[in-house]
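Everything below belongs to entry.cif, which stores mmCIF, C-alpha atoms.
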data_coords
#
loop_
_atom_site.label_atom_id
_atom_site.label_comp_id
_atom_site.auth_asym_id
_atom_site.auth_seq_id
_atom_site.Cartn_x
_atom_site.Cartn_y
_atom_site.Cartn_z
CA MET A 43 0.00 0.00 0.00
CA ARG A 44 1.23 3.51 -0.75
CA TYR A 45 1.31 6.10 2.03
CA TYR A 46 1.61 9.87 2.06
CA LEU A 47 2.59 12.50 4.57
CA LEU A 48 -0.40 14.85 4.95
CA GLU A 49 0.66 18.46 4.44
CA TYR A 50 -0.88 21.78 3.55
CA SER A 51 -0.93 22.22 -0.20
CA GLU A 52 0.86 24.93 -2.06
CA ASP A 53 -1.60 27.67 -3.02
CA SER A 54 -0.98 27.12 -6.72
CA LYS A 55 -2.27 23.53 -6.48
CA ASP A 56 -5.63 24.78 -5.22
CA LYS A 57 -6.18 26.85 -8.39
CA LEU A 58 -7.62 29.80 -6.51
CA PRO A 59 -9.05 32.58 -8.66
CA LYS A 60 -7.06 35.79 -8.87
CA GLY A 61 -7.47 37.87 -5.72
CA LYS A 62 -8.49 34.92 -3.55
CA ILE A 63 -6.23 34.41 -0.55
CA PRO A 64 -6.52 31.43 1.82
CA ILE A 65 -7.55 32.17 5.39
CA LEU A 66 -4.93 31.31 8.02
CA VAL A 67 -6.07 30.91 11.63
CA ASN A 68 -3.35 32.89 13.35
CA ASP A 69 -4.73 33.67 16.82
CA TYR A 70 -6.70 31.82 19.45
CA ASN A 71 -7.85 31.70 23.06
CA LEU A 72 -8.15 28.15 24.37
CA ASN A 73 -9.28 29.18 27.87
CA GLY A 74 -7.14 26.52 29.54
CA PHE A 75 -7.70 23.69 27.02
CA ASP A 76 -4.43 21.77 26.46
CA LEU A 77 -3.52 22.34 22.81
CA ARG A 78 -1.10 19.39 22.92
CA LEU A 79 -3.95 16.88 23.08
CA PHE A 80 -4.38 17.23 19.32
CA TRP A 81 -0.65 16.85 18.75
CA ARG A 82 -0.63 13.54 20.57
CA GLY A 83 -3.91 11.99 19.48
CA ILE A 84 -5.25 11.70 23.02
CA TYR A 85 -8.97 10.89 23.21
CA VAL A 86 -10.94 13.99 24.23
CA GLU A 87 -13.77 13.19 26.64
CA LYS A 88 -15.40 16.62 26.78
CA TRP A 89 -15.18 19.36 24.19
CA PRO A 90 -15.29 22.89 25.66
CA ASP A 91 -17.59 25.41 24.03
CA ASP A 92 -15.57 28.51 24.91
CA LEU A 93 -12.61 28.13 22.53
CA GLU A 94 -11.95 31.12 20.27
CA PHE A 95 -10.18 31.10 16.89
CA TYR A 96 -9.33 34.15 14.76
CA TYR A 97 -7.85 35.14 11.43
CA GLU A 98 -6.63 38.53 10.24
CA LYS A 99 -6.10 38.06 6.50
CA GLY A 100 -7.51 36.00 3.71
CA ASN A 101 -10.88 35.75 2.03
CA THR A 102 -11.20 32.07 1.06
CA ILE A 103 -11.70 29.01 3.23
CA LEU A 104 -9.81 25.94 2.07
CA ASP A 105 -11.09 22.50 3.05
CA PHE A 106 -7.90 21.95 5.08
CA VAL A 107 -7.36 25.25 6.89
CA PRO A 108 -3.81 26.27 7.81
CA ASN A 109 -3.40 27.38 11.41
CA VAL A 110 -0.71 28.31 13.93
CA LEU A 111 -1.78 25.52 16.27
CA SER A 112 -0.78 22.79 13.79
CA TRP A 113 -4.19 21.18 14.34
CA LEU A 114 -6.19 19.50 11.61
CA MET A 115 -8.98 21.98 10.78
CA PHE A 116 -11.37 20.73 8.09
CA THR A 117 -14.57 21.99 6.51
CA ASP A 118 -17.78 19.96 6.75
CA LYS A 119 -17.20 18.85 3.15
CA ALA A 120 -13.82 17.36 4.10
CA VAL A 121 -15.26 15.65 7.17
CA GLU A 122 -17.94 14.04 4.97
CA VAL A 123 -15.24 12.51 2.76
CA PHE A 124 -13.67 10.84 5.79
CA LYS A 125 -17.05 9.67 7.07
CA LYS A 126 -18.03 8.27 3.65
CA SER A 127 -14.67 6.46 3.61
CA GLU A 128 -15.68 4.93 6.98
CA ILE A 129 -12.66 6.24 8.85
CA MET A 130 -13.42 5.40 12.47
CA ASN A 131 -10.23 6.36 14.30
CA MET A 132 -10.96 10.10 14.35
CA GLN A 133 -12.85 12.54 16.55
CA TYR A 134 -14.57 15.60 15.06
CA PHE A 135 -15.23 18.78 17.05
CA PRO A 136 -17.10 21.85 15.75
CA ILE A 137 -15.48 25.28 15.93
CA ILE A 138 -16.13 28.78 14.64
CA ILE A 139 -13.35 30.97 13.30
CA LYS A 140 -13.86 34.72 13.22
CA LYS A 141 -12.16 37.58 11.48
CA VAL A 142 -10.46 39.83 14.01
CA GLY A 143 -12.84 42.68 14.88
CA LYS A 144 -15.67 41.55 12.55
CA LYS A 145 -18.41 39.31 13.91
CA GLU A 146 -20.12 38.89 10.54
CA HIS A 147 -17.05 37.24 8.99
CA SER A 148 -17.15 33.83 10.64
CA HIS A 149 -16.87 30.27 9.33
CA SER A 150 -17.84 26.88 10.77
CA LEU A 151 -15.07 24.29 10.77
CA ASN A 152 -14.12 21.08 12.53
CA VAL A 153 -11.04 20.20 14.55
CA ILE A 154 -9.96 16.64 13.84
CA ASN A 155 -8.25 14.34 16.31
CA VAL A 156 -6.51 11.31 14.76
CA LEU A 157 -6.43 8.69 17.50
CA ASP A 158 -4.22 5.86 16.21
CA SER A 159 -0.43 5.90 16.15
CA VAL A 160 1.83 3.35 14.48
CA GLU A 161 5.55 2.71 15.09
CA ALA A 162 6.32 2.92 11.41
CA LEU A 163 9.52 4.94 11.08
CA ASP A 164 12.45 3.15 9.48
CA TRP A 165 15.18 4.54 11.73
CA GLU A 166 18.05 3.59 9.43
CA LYS A 167 16.65 4.99 6.18
CA SER A 168 14.91 8.09 7.55
CA ASP A 169 16.70 11.39 8.05
CA TYR A 170 15.82 13.05 11.36
CA VAL A 171 17.21 15.36 14.04
CA SER A 172 16.95 14.45 17.73
CA TRP A 173 16.86 16.82 20.69
CA GLU A 174 20.38 17.37 22.03
CA ASP A 175 19.34 16.90 25.66
CA ASP A 176 17.29 13.75 24.93
CA PRO A 177 18.37 11.94 21.74
CA LYS A 178 15.56 9.37 21.89
CA TYR A 179 13.05 12.11 20.99
CA ILE A 180 12.79 13.52 17.48
CA LYS A 181 12.94 17.28 16.96
CA PHE A 182 11.98 17.06 13.26
CA ILE A 183 12.21 14.66 10.34
CA ARG A 184 13.72 15.72 7.03
CA LYS A 185 12.93 12.45 5.25
CA VAL A 186 10.31 9.93 6.41
CA VAL A 187 10.77 6.32 5.32
CA LEU A 188 8.17 3.89 6.61
CA ASN A 189 8.78 0.34 7.78
CA LYS A 190 6.47 -2.65 7.29
CA ASN A 191 4.34 -1.75 10.33
CA ALA A 192 2.58 0.91 8.25
CA SER A 193 1.08 -1.68 5.88
CA LYS A 194 0.43 -4.18 8.66
CA SER A 195 -1.69 -1.63 10.51
CA ASN A 196 -4.33 -1.57 7.73
CA LEU A 197 -5.15 2.01 8.77
CA ASP A 198 -6.02 4.73 6.27
CA ILE A 199 -4.89 7.51 8.58
CA PHE A 200 -2.56 7.43 11.58
CA ARG A 201 0.03 9.37 13.51
CA LEU A 202 3.66 8.41 13.30
CA GLN A 203 4.32 7.04 16.80
CA GLU A 204 7.91 8.25 16.80
CA SER A 205 6.81 11.86 16.22
CA LYS A 206 3.05 12.19 16.56
CA ASN A 207 2.64 15.50 14.75
CA TYR A 208 3.28 13.66 11.46
CA ILE A 209 -0.02 12.46 9.98
CA ILE A 210 0.14 9.61 7.44
CA VAL A 211 -2.68 8.79 4.99
CA SER A 212 -3.22 5.93 2.59
CA GLU A 213 -3.57 6.05 -1.18
CA ARG A 214 -7.31 5.41 -0.72
CA ILE A 215 -7.75 8.57 1.36
CA ARG A 216 -5.62 10.66 -1.00
CA LYS A 217 -7.76 9.54 -3.95
CA ALA A 218 -11.02 10.23 -2.08
CA ILE A 219 -9.85 13.76 -1.22
CA GLU A 220 -8.68 14.47 -4.76
CA ASN A 221 -11.83 12.98 -6.35
CA GLU A 222 -13.94 15.41 -4.31
CA GLY A 223 -11.74 18.33 -5.34
CA LEU A 224 -10.96 19.30 -1.74
CA THR A 225 -8.63 22.26 -1.35
CA GLY A 226 -5.73 22.81 1.02
CA PHE A 227 -4.59 19.17 1.11
CA GLY A 228 -1.04 18.30 0.12
CA PHE A 229 0.44 14.81 -0.05
CA LYS A 230 4.10 13.79 -0.04
CA LEU A 231 4.62 10.21 -1.22
CA LEU A 232 6.63 8.26 1.35
CA GLN A 233 9.15 5.53 0.73
CA THR A 234 8.57 2.19 2.42
CA ASP A 235 11.11 -0.53 3.06
#
Now that the file is in, can you turn its structure into structure tokens?
Amino acid sequence: MRYYLLEYSEDSKDKLPKGKIPILVNDYNLNGFDLRLFWRGIYVEKWPDDLEFYYEKGNTILDFVPNVLSWLMFTDKAVEVFKKSEIMNMQYFPIIIKKVGKKEHSHSLNVINVLDSVEALDWEKSDYVSWEDDPKYIKFIRKVVLNKNASKSNLDIFRLQESKNYIIVSERIRKAIENEGLTGFGFKLLQTD
């Protein structure tokens, strides 16, 4: 099975009309909610209703919305693609993003929590940088190469266990997203051993 690293797309791939600029969520108030829960894929029992998300610039919502939190923020249309594909290892939480200082410019989105992680990094073939004070933890990965555990998992979306902010999707999910013409999604084909 082929796997891809899920990324934000380059604007040119989304074929936005001239003058259309993607919205970037660049400010927030989480009122005490631990933002790291969505970096780690920890099951969220109770979703607070007092979270605030803002953007300053942009005039077009992509289906995968870039944001400073590095959370997965999807439109309802994108969520429907995952539901139609019967992806069960995700949680969906509704949010509203607002333009700074303008109540009438708001958009409904969903924050996505991918729950499964797989130890799938090929340590020898991947290129990564560890933290100097704790070399067993990865700071960032320049080149992801997957081991056989990725295919054995039979999952269409999962977090890389070795560095959970990396989201991996299958060929099936990539095709479903592209067939629906969803915007904002980028895919980097990964090598497997």
Distance of atom CA of Asp53 of chain A from atom CA of Leu79 of chain A, expressed in Å to one decimal place: 28.3 Å
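Evaluated on this file, the PyMOL selection byres ((chain A and resi 172) around 12) matches Trp165, Asp169, Tyr170, Val171, Trp173, Glu174, Asp175, Asp176, Pro177, Lys178, Tyr179, Ile180, Lys181, Phe182, Ile183, Arg184, Glu204 and Ser205 of chain A.
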I need the chosen residues saved as a PDB file, in the frame of the given file, with C-alpha atoms.
ATOM      1  CA  TRP A 165      15.180   4.540  11.730  1.00  0.00           C
ATOM      2  CA  ASP A 169      16.700  11.390   8.050  1.00  0.00           C
ATOM      3  CA  TYR A 170      15.820  13.050  11.360  1.00  0.00           C
ATOM      4  CA  VAL A 171      17.210  15.360  14.040  1.00  0.00           C
ATOM      5  CA  TRP A 173      16.860  16.820  20.690  1.00  0.00           C
ATOM      6  CA  GLU A 174      20.380  17.370  22.030  1.00  0.00           C
ATOM      7  CA  ASP A 175      19.340  16.900  25.660  1.00  0.00           C
ATOM      8  CA  ASP A 176      17.290  13.750  24.930  1.00  0.00           C
ATOM      9  CA  PRO A 177      18.370  11.940  21.740  1.00  0.00           C
ATOM     10  CA  LYS A 178      15.560   9.370  21.890  1.00  0.00           C
ATOM     11  CA  TYR A 179      13.050  12.110  20.990  1.00  0.00           C
ATOM     12  CA  ILE A 180      12.790  13.520  17.480  1.00  0.00           C
ATOM     13  CA  LYS A 181      12.940  17.280  16.960  1.00  0.00           C
ATOM     14  CA  PHE A 182      11.980  17.060  13.260  1.00  0.00           C
ATOM     15  CA  ILE A 183      12.210  14.660  10.340  1.00  0.00           C
ATOM     16  CA  ARG A 184      13.720  15.720   7.030  1.00  0.00           C
ATOM     17  CA  GLU A 204       7.910   8.250  16.800  1.00  0.00           C
ATOM     18  CA  SER A 205       6.810  11.860  16.220  1.00  0.00           C
TER      19      SER A 205
END
Picked residues, the PyMOL selection byres ((chain A and resi 111) around 9), as a PyMOL selection string: chain A and resi 67-70+77+108-110+112-114
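Nearest-residue note for His147 of chain A: choosing from A:Arg214, A:Arg44, A:Lys185, A:Lys99, the minimum distance belongs to A:Lys99, counting all atoms listed in the file.
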Using all atoms listed in the file, determine which residues lie at most 9 Å from Phe227 of chain A, disregarding the query and same-chain residues fewer than 3 positions distant; provide the list as JSON, numbers by chain. {"A": [48, 49, 50, 51, 52, 56, 104, 105, 106, 107, 216, 219, 220, 224]}
Between atom CA of Tyr96 of chain A and atom CA of Asn73 of chain A, measure the distance and give it in Å to one decimal.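 Between these atoms lies a distance of 14.0 Å.
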What is the atom CA of Gly83 of chain A-atom CA of Asp158 of chain A distance in Å, reported with one decimal? 7.0 Å
Give the answer as one residue: which of A:Phe200, A:Phe124, A:Phe95, A:Phe80 has the shortest atom-to-atom distance to Leu151 of chain A, using only C-alpha atoms?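 When distances to Leu151 of chain A are compared using only C-alpha atoms, the smallest one comes from A:Phe95.
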Find the axis-aligned box for segment 121-133 of chain A, covering all its listed atoms and adding 6 Å on each side, and write its centre and edge lengths in Å to one decimal as JSON.
{"center_x": -14.1, "center_y": 10.3, "center_z": 9.7, "size_x": 19.8, "size_y": 22.7, "size_z": 25.8}
To verify the selection step, state as a compact mmCIF listing (two decimals) with C-alpha atoms, in the frame of the given file which residues the PyMOL selection byres ((chain A and resi 186) around 10) yields on this input.
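Written output follows (out.txt):
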# COMPACT_ATOMS: atom_id res chain seq x y z
CA TYR A 46 1.61 9.87 2.06
CA LEU A 47 2.59 12.50 4.57
CA ALA A 162 6.32 2.92 11.41
CA LEU A 163 9.52 4.94 11.08
CA ASP A 164 12.45 3.15 9.48
CA TRP A 165 15.18 4.54 11.73
CA LYS A 167 16.65 4.99 6.18
CA SER A 168 14.91 8.09 7.55
CA ASP A 169 16.70 11.39 8.05
CA TYR A 170 15.82 13.05 11.36
CA ILE A 183 12.21 14.66 10.34
CA ARG A 184 13.72 15.72 7.03
CA LYS A 185 12.93 12.45 5.25
CA VAL A 187 10.77 6.32 5.32
CA LEU A 188 8.17 3.89 6.61
CA ASN A 189 8.78 0.34 7.78
CA LEU A 202 3.66 8.41 13.30
CA TYR A 208 3.28 13.66 11.46
CA LYS A 230 4.10 13.79 -0.04
CA LEU A 231 4.62 10.21 -1.22
CA LEU A 232 6.63 8.26 1.35
CA GLN A 233 9.15 5.53 0.73
CA THR A 234 8.57 2.19 2.42
Quick one: of A:Ile103, A:Ile63, A:Ile154, A:Ile84, who's nearest to Ile129 of chain A, counting all atoms listed in the file?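 Using all atoms listed in the file, the shortest distance to Ile129 of chain A belongs to A:Ile154.
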Which residue out of A:Pro64, A:Gly143, A:Pro59, A:Pro136 has the minimum interatomic distance to Asp92 of chain A when all atoms listed in the file are used?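 Of A:Pro64, A:Gly143, A:Pro59, A:Pro136, the one nearest Asp92 of chain A is A:Pro136, counting all atoms listed in the file.
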Could you check the closest approach to Asn131 of chain A for each of A:Thr117, A:Asn152, A:Ser159, A:Asn101 and tell me which residue wins, using only C-alpha atoms?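 Distance minimum relative to Asn131 of chain A lands on A:Ser159.
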Selection near Val153 of chain A, 6 Å with all atoms listed in the file, sequence-local residues under 2 positions removed, as a list in words: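 Listing them by chain and then by number gives Leu114, Met115, Tyr134 and Phe135 of chain A.
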Looking at all atoms listed in the file, which of A:Leu197, A:Ala120, A:Leu58, A:Leu66 is the one that sits closest to Ile139 of chain A?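 Looking only at the distances to Ile139 of chain A, the closest residue turns out to be A:Leu66.
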